[in-house]
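Worksheet: the structure to be examined is printed underneath.
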Amino acid sequence: MIALLLRDLRLAVRAGGGFGLGLAFFLIVIILVPFGVGPQVDLLTRIAPGILWVASLLAALLSLDRIFALDFEDGSLGLLATSPLPLEGAALMKALAHWITTGLPLTLVAPALGFLLSLAPEAYSYLLLSLLLGTPALSMIGTFGAALTVGLRRGGLLLSLLVLPLYVPTLIFGAEAVRRGADGLDATGALILLGTITAGCFALLPFATAATLRMNLR
């Protein structure tokens, strides 16, 4: 499993591997929003939690179709399915590799870009914590969606349509935690629910992903 994780990380940092694409998209969105909204600091402060979380969610979508597509094209996915490594473990490592190369950089960069949206100072710690708790769920759900569309021609759009509704609970509780932190309210409940969603995804979706891959590879 460690070897598979290291392999996916090496592929991600190569040209065309998708590493940095999500960060670039995230940066562009955060820079463009103030131009579209205008120099209204109060408005930017109110919408900053939602914009940061929506931008993170959309950035995570960009590289989802690469999770299994390259392995399917070169036959590696078939070898993984017949190897001694459980397919559930392979799915888990795929999700972890996606999070390390996409979700973790977004989590670290988001607080640094919060000032562009006039994010309240009190909300920075909540933004970091909510992204740290929520982005792993985005990667795991995305891995399940990638398994559903593996082998389909032009499956990227279908993947987005399948995954986006599943992302909504994470988006709601993540943005709510940052919003409550910015208002000086207790955000513990939203953070607990966000962590529960992530834990549930990692407990159940590796098995669903493995079952889906087996059906698609028959």
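By order in the structure tokens, chains are A, B, ...; within a chain, residues start at 1; ligands start at 1, following the order shown.
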Hey, could you make a per-residue contact list for segment 112-215 of chain A against segment 69-76 of chain A with 12 Å as the cut-off, showing the nearest pair of atoms and its distance in Å to one decimal, counting only C-alpha atoms, sorted by chain and number, as JSON lines?
```
{"residue": "A:Thr143", "atom": "CA", "partner": "A:Ala69", "partner_atom": "CA", "distance": 11.1}
{"residue": "A:Gly145", "atom": "CA", "partner": "A:Ala69", "partner_atom": "CA", "distance": 11.8}
{"residue": "A:Ala146", "atom": "CA", "partner": "A:Ala69", "partner_atom": "CA", "distance": 8.0}
{"residue": "A:Ala147", "atom": "CA", "partner": "A:Ala69", "partner_atom": "CA", "distance": 9.0}
{"residue": "A:Leu148", "atom": "CA", "partner": "A:Ala69", "partner_atom": "CA", "distance": 11.1}
{"residue": "A:Thr149", "atom": "CA", "partner": "A:Ala69", "partner_atom": "CA", "distance": 8.9}
{"residue": "A:Val150", "atom": "CA", "partner": "A:Ala69", "partner_atom": "CA", "distance": 6.0}
{"residue": "A:Gly151", "atom": "CA", "partner": "A:Phe72", "partner_atom": "CA", "distance": 6.8}
{"residue": "A:Leu152", "atom": "CA", "partner": "A:Ala69", "partner_atom": "CA", "distance": 9.1}
{"residue": "A:Arg153", "atom": "CA", "partner": "A:Ala69", "partner_atom": "CA", "distance": 10.1}
{"residue": "A:Arg154", "atom": "CA", "partner": "A:Ala69", "partner_atom": "CA", "distance": 10.7}
{"residue": "A:Gly155", "atom": "CA", "partner": "A:Ala69", "partner_atom": "CA", "distance": 9.6}
{"residue": "A:Gly156", "atom": "CA", "partner": "A:Ala69", "partner_atom": "CA", "distance": 10.1}
{"residue": "A:Leu159", "atom": "CA", "partner": "A:Ala69", "partner_atom": "CA", "distance": 11.8}
{"residue": "A:Leu213", "atom": "CA", "partner": "A:Phe72", "partner_atom": "CA", "distance": 10.3}
```
> Neighbours of segment 104-108 of chain A within 7 Å (only C-alpha atoms; same-chain residues fewer than 5 positions away dropped), as a list in words?
Replying inline: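 So the residues in contact are Leu23, Ser56, Trp99, Leu128, Leu131 and Leu132 of chain A.
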> Closest to Ala95 of chain A among A:Val41, A:Ala24, A:Leu138, A:Leu162, using only C-alpha atoms?
Replying inline: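 The shortest atom-to-atom distance to Ala95 of chain A comes from A:Leu138.
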>> Need to verify the contact set: segment 81-88 of chain A, 6 Å, only C-alpha atoms, exclusion of same-chain residues closer than 3 positions in sequence. Can you return it as JSON, numbers by chain?
In response: {"A": [78, 91, 206, 207, 210]}
> Separation of atom CA of Asp183 of chain A and atom CA of Ile197 of chain A, in Å?
Replying inline: 23.8 Å
> From the list A:Arg214, A:Pro111, A:Leu133, A:Ala59, which residue is nearest Ser160 of chain A when using only C-alpha atoms?
Replying inline: A:Ala59
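Comparing the minimum interatomic distances between Ile2 of chain A and each of A:Gly89, A:Gly195, A:Gly103, A:Pro169, counting only C-alpha atoms, we find that A:Gly89 sits nearest.
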Residue neighbourhood Ala48 of chain A, 8 Å, only C-alpha atoms, exclusion window fewer than 6 positions, as a compact mmCIF listing (two decimals) with N, CA and C atoms, in the first residue's frame:
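Final file, selection39.txt:
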```
# COMPACT_ATOMS: atom_id res chain seq x y z
N GLY A 114 -7.00 34.19 2.48
CA GLY A 114 -8.22 34.72 3.07
C GLY A 114 -8.26 36.23 3.12
N LEU A 117 -10.16 38.20 0.48
CA LEU A 117 -11.61 38.28 0.61
C LEU A 117 -12.01 38.96 1.91
N SER A 118 -11.06 39.60 2.57
CA SER A 118 -11.33 40.31 3.83
C SER A 118 -11.94 39.37 4.87
N LEU A 119 -11.45 38.16 4.92
CA LEU A 119 -11.93 37.20 5.91
C LEU A 119 -11.63 37.71 7.31
```
